[in-house]
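To be precise, the following lines are run27.pdb, and they hold PDB, C-alpha atoms, pLDDT in the B column.
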```pdb
ATOM      1  CA  MET A  24     -19.759  -1.877 -13.379  1.00 87.00           C
ATOM      2  CA  ILE A  25     -16.499  -1.904 -15.248  1.00 93.00           C
ATOM      3  CA  ASP A  26     -16.274  -3.380 -18.722  1.00 95.00           C
ATOM      4  CA  ARG A  27     -13.422  -4.686 -20.872  1.00 94.00           C
ATOM      5  CA  ILE A  28     -12.389  -1.202 -22.034  1.00 96.00           C
ATOM      6  CA  ASP A  29     -12.351   0.127 -18.455  1.00 97.00           C
ATOM      7  CA  ARG A  30     -10.151  -2.823 -17.511  1.00 96.00           C
ATOM      8  CA  GLN A  31      -7.727  -2.005 -20.327  1.00 96.00           C
ATOM      9  CA  ILE A  32      -7.550   1.616 -19.176  1.00 97.00           C
ATOM     10  CA  LEU A  33      -6.979   0.550 -15.563  1.00 97.00           C
ATOM     11  CA  ASP A  34      -4.252  -1.872 -16.592  1.00 96.00           C
ATOM     12  CA  LEU A  35      -2.437   0.823 -18.584  1.00 96.00           C
ATOM     13  CA  LEU A  36      -2.726   3.391 -15.780  1.00 97.00           C
ATOM     14  CA  GLN A  37      -1.384   0.931 -13.230  1.00 96.00           C
ATOM     15  CA  GLN A  38       1.657   0.335 -15.416  1.00 94.00           C
ATOM     16  CA  ASN A  39       2.221   4.055 -16.023  1.00 95.00           C
ATOM     17  CA  ALA A  40      -0.071   6.682 -14.510  1.00 95.00           C
ATOM     18  CA  ARG A  41       1.704   9.381 -16.525  1.00 96.00           C
ATOM     19  CA  LEU A  42       0.285   8.168 -19.821  1.00 96.00           C
ATOM     20  CA  THR A  43      -1.687  10.896 -21.532  1.00 97.00           C
ATOM     21  CA  ILE A  44      -5.313  10.386 -22.465  1.00 97.00           C
ATOM     22  CA  GLN A  45      -4.216  10.429 -26.090  1.00 97.00           C
ATOM     23  CA  GLU A  46      -1.602   7.692 -25.496  1.00 97.00           C
ATOM     24  CA  ILE A  47      -4.156   5.521 -23.700  1.00 97.00           C
ATOM     25  CA  GLY A  48      -6.629   6.049 -26.537  1.00 97.00           C
ATOM     26  CA  GLN A  49      -4.041   5.030 -29.116  1.00 97.00           C
ATOM     27  CA  GLN A  50      -3.282   1.801 -27.258  1.00 97.00           C
ATOM     28  CA  ILE A  51      -6.934   0.773 -26.914  1.00 96.00           C
ATOM     29  CA  ASN A  52      -8.207   2.302 -30.179  1.00 96.00           C
ATOM     30  CA  LEU A  53     -10.482   4.937 -28.664  1.00 96.00           C
ATOM     31  CA  SER A  54     -10.575   8.700 -29.129  1.00 96.00           C
ATOM     32  CA  LYS A  55      -9.593  11.110 -26.358  1.00 96.00           C
ATOM     33  CA  THR A  56     -13.112  12.114 -25.262  1.00 97.00           C
ATOM     34  CA  PRO A  57     -14.443   8.641 -24.376  1.00 97.00           C
ATOM     35  CA  VAL A  58     -11.131   7.752 -22.653  1.00 97.00           C
ATOM     36  CA  HIS A  59     -11.304  10.955 -20.606  1.00 98.00           C
ATOM     37  CA  GLU A  60     -14.959  10.326 -19.685  1.00 97.00           C
ATOM     38  CA  ARG A  61     -14.209   6.754 -18.630  1.00 97.00           C
ATOM     39  CA  ILE A  62     -11.252   7.804 -16.463  1.00 98.00           C
ATOM     40  CA  ARG A  63     -13.331  10.527 -14.785  1.00 97.00           C
ATOM     41  CA  ARG A  64     -16.129   8.009 -14.095  1.00 97.00           C
ATOM     42  CA  LEU A  65     -13.644   5.501 -12.665  1.00 97.00           C
ATOM     43  CA  GLU A  66     -12.265   8.240 -10.393  1.00 97.00           C
ATOM     44  CA  ARG A  67     -15.743   9.410  -9.368  1.00 97.00           C
ATOM     45  CA  ASP A  68     -16.861   5.834  -8.626  1.00 97.00           C
ATOM     46  CA  GLY A  69     -13.779   5.242  -6.474  1.00 97.00           C
ATOM     47  CA  VAL A  70     -12.350   2.515  -8.706  1.00 96.00           C
ATOM     48  CA  ILE A  71      -9.298   4.740  -9.150  1.00 97.00           C
ATOM     49  CA  ASP A  72      -8.413   5.592  -5.584  1.00 96.00           C
ATOM     50  CA  ARG A  73      -5.436   7.892  -6.169  1.00 95.00           C
ATOM     51  CA  TYR A  74      -2.336   8.491  -8.253  1.00 94.00           C
ATOM     52  CA  VAL A  75       1.085   8.078  -6.635  1.00 93.00           C
ATOM     53  CA  THR A  76       4.774   8.058  -7.433  1.00 92.00           C
ATOM     54  CA  ILE A  77       6.595   4.894  -6.407  1.00 91.00           C
ATOM     55  CA  LEU A  78      10.078   5.541  -5.106  1.00 91.00           C
ATOM     56  CA  ASN A  79      13.105   3.293  -5.153  1.00 90.00           C
ATOM     57  CA  ARG A  80      13.628   2.859  -1.378  1.00 89.00           C
ATOM     58  CA  LYS A  81      17.298   2.056  -1.777  1.00 85.00           C
ATOM     59  CA  LYS A  82      17.977   5.325  -3.576  1.00 91.00           C
ATOM     60  CA  ILE A  83      16.510   7.347  -0.701  1.00 91.00           C
ATOM     61  CA  ASP A  84      18.261   5.546   2.143  1.00 87.00           C
ATOM     62  CA  SER A  85      15.362   3.364   3.290  1.00 86.00           C
ATOM     63  CA  SER A  86      16.798  -0.001   2.346  1.00 90.00           C
ATOM     64  CA  LEU A  87      15.789  -2.079   5.383  1.00 96.00           C
ATOM     65  CA  LEU A  88      12.396  -3.695   4.876  1.00 97.00           C
ATOM     66  CA  ALA A  89      10.744  -5.559   7.743  1.00 98.00           C
ATOM     67  CA  TYR A  90       7.469  -7.225   8.610  1.00 98.00           C
ATOM     68  CA  CYS A  91       6.210  -7.091  12.177  1.00 98.00           C
ATOM     69  CA  GLN A  92       3.620  -9.419  13.625  1.00 98.00           C
ATOM     70  CA  VAL A  93       1.846  -7.606  16.446  1.00 98.00           C
ATOM     71  CA  THR A  94      -0.375  -9.075  19.133  1.00 98.00           C
ATOM     72  CA  LEU A  95      -2.497  -6.840  21.353  1.00 98.00           C
ATOM     73  CA  ASP A  96      -3.245  -7.545  24.991  1.00 97.00           C
ATOM     74  CA  LYS A  97      -6.997  -7.315  24.313  1.00 96.00           C
ATOM     75  CA  GLN A  98      -8.931  -8.022  21.128  1.00 95.00           C
ATOM     76  CA  THR A  99     -11.731  -5.480  21.544  1.00 96.00           C
ATOM     77  CA  ARG A 100     -13.119  -2.837  19.229  1.00 96.00           C
ATOM     78  CA  ASP A 101     -11.664  -0.061  21.395  1.00 96.00           C
ATOM     79  CA  SER A 102      -8.238  -1.723  21.469  1.00 97.00           C
ATOM     80  CA  PHE A 103      -8.240  -2.088  17.691  1.00 98.00           C
ATOM     81  CA  GLU A 104      -9.346   1.519  17.131  1.00 97.00           C
ATOM     82  CA  THR A 105      -6.694   2.894  19.487  1.00 97.00           C
ATOM     83  CA  TYR A 106      -3.943   0.791  17.956  1.00 98.00           C
ATOM     84  CA  GLU A 107      -4.922   1.542  14.362  1.00 98.00           C
ATOM     85  CA  ALA A 108      -5.100   5.298  14.989  1.00 98.00           C
ATOM     86  CA  ALA A 109      -1.584   5.215  16.451  1.00 98.00           C
ATOM     87  CA  VAL A 110      -0.127   3.134  13.604  1.00 98.00           C
ATOM     88  CA  ARG A 111      -1.586   5.459  10.953  1.00 98.00           C
ATOM     89  CA  MET A 112       0.622   8.214  12.391  1.00 98.00           C
ATOM     90  CA  LEU A 113       3.894   6.282  11.904  1.00 98.00           C
ATOM     91  CA  PRO A 114       5.599   7.320   8.655  1.00 96.00           C
ATOM     92  CA  ASN A 115       7.865   4.235   8.582  1.00 96.00           C
ATOM     93  CA  VAL A 116       4.810   1.979   8.308  1.00 98.00           C
ATOM     94  CA  LEU A 117       3.959   1.244   4.670  1.00 97.00           C
ATOM     95  CA  GLU A 118       1.127  -1.188   5.342  1.00 97.00           C
ATOM     96  CA  CYS A 119      -0.788  -2.352   8.375  1.00 98.00           C
ATOM     97  CA  ASN A 120      -3.398  -5.076   8.146  1.00 98.00           C
ATOM     98  CA  ARG A 121      -5.551  -6.615  10.862  1.00 98.00           C
ATOM     99  CA  VAL A 122      -5.361 -10.347  10.243  1.00 98.00           C
ATOM    100  CA  SER A 123      -6.786 -13.606  11.486  1.00 97.00           C
ATOM    101  CA  GLY A 124      -4.603 -16.216  13.148  1.00 96.00           C
ATOM    102  CA  THR A 125      -2.157 -16.203  16.012  1.00 96.00           C
ATOM    103  CA  PHE A 126      -1.431 -12.451  15.945  1.00 98.00           C
ATOM    104  CA  ASP A 127      -3.556  -9.359  15.317  1.00 98.00           C
ATOM    105  CA  TYR A 128      -1.633  -7.166  12.851  1.00 98.00           C
ATOM    106  CA  LEU A 129       0.894  -7.602  10.078  1.00 98.00           C
ATOM    107  CA  ILE A 130       2.919  -4.446   9.529  1.00 98.00           C
ATOM    108  CA  LYS A 131       5.247  -3.736   6.617  1.00 98.00           C
ATOM    109  CA  MET A 132       7.781  -1.035   7.465  1.00 97.00           C
ATOM    110  CA  VAL A 133      10.981   0.548   6.191  1.00 96.00           C
ATOM    111  CA  ALA A 134      14.050   1.890   7.948  1.00 96.00           C
ATOM    112  CA  ARG A 135      17.453   3.204   6.941  1.00 95.00           C
ATOM    113  CA  ASN A 136      19.319   0.487   8.817  1.00 96.00           C
ATOM    114  CA  MET A 137      19.118  -1.741  11.893  1.00 97.00           C
ATOM    115  CA  ASP A 138      19.789   1.157  14.291  1.00 97.00           C
ATOM    116  CA  ASP A 139      16.941   3.106  12.725  1.00 97.00           C
ATOM    117  CA  TYR A 140      14.705   0.043  13.019  1.00 98.00           C
ATOM    118  CA  ASN A 141      15.666  -0.369  16.678  1.00 98.00           C
ATOM    119  CA  ASP A 142      14.733   3.265  17.382  1.00 97.00           C
ATOM    120  CA  PHE A 143      11.412   2.773  15.585  1.00 97.00           C
ATOM    121  CA  TYR A 144      10.736  -0.440  17.503  1.00 98.00           C
ATOM    122  CA  GLN A 145      11.620   0.913  20.942  1.00 97.00           C
ATOM    123  CA  GLU A 146      10.317   4.469  20.662  1.00 97.00           C
ATOM    124  CA  GLN A 147       7.291   4.166  18.396  1.00 98.00           C
ATOM    125  CA  LEU A 148       5.914   0.682  17.774  1.00 98.00           C
ATOM    126  CA  SER A 149       6.332  -1.053  21.128  1.00 97.00           C
ATOM    127  CA  VAL A 150       5.003   1.902  23.129  1.00 97.00           C
ATOM    128  CA  ILE A 151       1.586   1.957  21.461  1.00 98.00           C
ATOM    129  CA  PRO A 152      -0.952   1.257  24.216  1.00 96.00           C
ATOM    130  CA  GLY A 153      -2.213  -2.309  24.183  1.00 96.00           C
ATOM    131  CA  THR A 154       0.821  -3.814  22.440  1.00 98.00           C
ATOM    132  CA  LEU A 155       1.591  -7.183  24.003  1.00 98.00           C
ATOM    133  CA  HIS A 156       4.040  -8.859  21.618  1.00 98.00           C
ATOM    134  CA  ILE A 157       5.960  -8.003  18.435  1.00 98.00           C
ATOM    135  CA  SER A 158       7.866 -10.437  16.205  1.00 98.00           C
ATOM    136  CA  SER A 159       9.915  -8.904  13.416  1.00 98.00           C
ATOM    137  CA  PHE A 160      11.173 -10.458  10.190  1.00 98.00           C
ATOM    138  CA  PHE A 161      13.726  -8.779   7.957  1.00 98.00           C
ATOM    139  CA  VAL A 162      13.605  -9.063   4.171  1.00 97.00           C
ATOM    140  CA  ILE A 163      16.786 -10.520   2.714  1.00 96.00           C
ATOM    141  CA  ALA A 164      15.710 -10.271  -0.936  1.00 94.00           C
ATOM    142  CA  GLU A 165      12.575  -8.900  -2.592  1.00 93.00           C
ATOM    143  CA  ILE A 166      11.424 -11.449  -5.133  1.00 94.00           C
ATOM    144  CA  LYS A 167       8.373  -9.565  -6.386  1.00 94.00           C
ATOM    145  CA  ASN A 168       7.242  -6.053  -5.534  1.00 92.00           C
ATOM    146  CA  SER A 169       4.188  -4.851  -7.412  1.00 91.00           C
ATOM    147  CA  THR A 170       1.322  -2.452  -6.917  1.00 92.00           C
ATOM    148  CA  VAL A 171      -0.603  -3.772  -9.935  1.00 92.00           C
ATOM    149  CA  VAL A 172      -3.989  -5.299  -9.115  1.00 93.00           C
ATOM    150  CA  PRO A 173      -5.021  -7.774 -11.841  1.00 93.00           C
ATOM    151  CA  VAL A 174      -8.021  -6.335 -13.686  1.00 90.00           C
ATOM    152  CA  ASN A 175      -8.174  -8.555 -16.768  1.00 74.00           C
ATOM    153  CA  MET A 176      -9.830 -11.527 -15.097  1.00 56.00           C
TER     154      MET A 176
END
```

Here is the file; what I need is its structure written in the form of structure tokens.
Amino acid sequence: MIDRIDRQILDLLQQNARLTIQEIGQQINLSKTPVHERIRRLERDGVIDRYVTILNRKKIDSSLLAYCQVTLDKQTRDSFETYEAAVRMLPNVLECNRVSGTFDYLIKMVARNMDDYNDFYQEQLSVIPGTLHISSFFVIAEIKNSTVVPVNM
């Protein structure tokens, strides 16, 4: 179970994972040892899944952001497993979620430009076995883009 202090640590790490243990301790009024022990416990318990660096897509020539709604021809466990294994191998895919509703998957993907997207669509996404239909939507403007999960509830 995570307490108020754990939540403060998690909030700080989500804002800046490069904070030192000492800097975190200063912000929450705790010494280095208990902060370090709490972080290690949160990692061990799987609350902290991993540490990553978030890139500015536009600075690395991946400025086209799209969402794809995918419908499979069959909604069976085997179909889902096959499709999901294939999608995990696609580096352009940032997120893939099986959803309820009128389609089976919502995919968030990046590409350099429309030609790059077209290649991805024709040569990678649409050829996955079991794919019946794909509808794509292109992001015109990102209004909010965050990786922070609220922990102070």

Need to verify the contact set: segment 172-174 of chain A, 12 Å, all atoms listed in the file, exclusion of same-chain residues closer than 6 positions in sequence. Can you return it as number ranges by chain? A: 25-38, 70-71

I'd like the box whose edges run along x, y and z of the file and which contains every listed atom of segment 69-75 of chain A, padded by 3 Å per side; could you state its centre and edge lengths in Å, one decimal, as lines of an AutoDock Vina configuration file?
```
center_x = -6.3
center_y = 5.5
center_z = -7.4
size_x = 20.9
size_y = 12.0
size_z = 9.6
```

Can you list, as a list of chain:residue names, the residues that the PyMOL selection byres ((chain A and resi 121-130) around 10) selects here?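 For this structure, the PyMOL selection byres ((chain A and resi 121-130) around 10) resolves to A:Ala89, A:Tyr90, A:Cys91, A:Gln92, A:Val93, A:Thr94, A:Leu95, A:Asp96, A:Lys97, A:Gln98, A:Phe103, A:Tyr106, A:Glu107, A:Val110, A:Val116, A:Leu117, A:Glu118, A:Cys119, A:Asn120, A:Lys131, A:Met132, A:His156, A:Ile157, A:Ser158, A:Ser159.
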
Using C-alpha atoms, can you export the residues from the last selection as an mmCIF file, in the frame of the given file?
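What follows is the written file part09.cif:
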```cif
data_model
loop_
_atom_site.group_PDB
_atom_site.id
_atom_site.type_symbol
_atom_site.label_atom_id
_atom_site.label_comp_id
_atom_site.auth_asym_id
_atom_site.auth_seq_id
_atom_site.Cartn_x
_atom_site.Cartn_y
_atom_site.Cartn_z
ATOM 1 C CA ALA A 89 10.744 -5.559 7.743
ATOM 2 C CA TYR A 90 7.469 -7.225 8.610
ATOM 3 C CA CYS A 91 6.210 -7.091 12.177
ATOM 4 C CA GLN A 92 3.620 -9.419 13.625
ATOM 5 C CA VAL A 93 1.846 -7.606 16.446
ATOM 6 C CA THR A 94 -0.375 -9.075 19.133
ATOM 7 C CA LEU A 95 -2.497 -6.840 21.353
ATOM 8 C CA ASP A 96 -3.245 -7.545 24.991
ATOM 9 C CA LYS A 97 -6.997 -7.315 24.313
ATOM 10 C CA GLN A 98 -8.931 -8.022 21.128
ATOM 11 C CA PHE A 103 -8.240 -2.088 17.691
ATOM 12 C CA TYR A 106 -3.943 0.791 17.956
ATOM 13 C CA GLU A 107 -4.922 1.542 14.362
ATOM 14 C CA VAL A 110 -0.127 3.134 13.604
ATOM 15 C CA VAL A 116 4.810 1.979 8.308
ATOM 16 C CA LEU A 117 3.959 1.244 4.670
ATOM 17 C CA GLU A 118 1.127 -1.188 5.342
ATOM 18 C CA CYS A 119 -0.788 -2.352 8.375
ATOM 19 C CA ASN A 120 -3.398 -5.076 8.146
ATOM 20 C CA LYS A 131 5.247 -3.736 6.617
ATOM 21 C CA MET A 132 7.781 -1.035 7.465
ATOM 22 C CA HIS A 156 4.040 -8.859 21.618
ATOM 23 C CA ILE A 157 5.960 -8.003 18.435
ATOM 24 C CA SER A 158 7.866 -10.437 16.205
ATOM 25 C CA SER A 159 9.915 -8.904 13.416
#
```

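Across the structure, atom CA of Thr43 of chain A and atom CA of Leu78 of chain A are spaced 20.9 Å apart.
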
Pull the neighbourhood of (18.9, -11.6, 3.6) for me: all residues within 12 Å in file coordinates, counting only C-alpha atoms, as number ranges by chain. A: 86-89, 160-166

Nearest to Glu104 of chain A: which of A:Asn39, A:Asp138, A:Pro152, A:Glu46 is it, counting all atoms listed in the file? A:Pro152

Would you mind reading off the distance between atom CA of Asp142 of chain A and atom CA of Asn79 of chain A, one decimal, in Å? 22.6 Å

Counting all atoms listed in the file, which residue out of A:Asn52, A:Arg41, A:Val150, A:Val58 sits closest to Ala109 of chain A?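 With all atoms listed in the file as the atom set, the closest residue is A:Val150.
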
Any idea what the distance is between atom CA of Arg80 of chain A and atom CA of Ile151 of chain A? 25.8 Å

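When only C-alpha atoms are used to measure the gap to Tyr144 of chain A, the shortest distance among A:Ile44, A:Leu113, A:Leu65, A:Val75 belongs to A:Leu113.
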
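Counting all atoms listed in the file, the residue from A:Leu53, A:Glu146, A:Arg61, A:Ile77 that sits nearest to Ser169 of chain A is A:Ile77.
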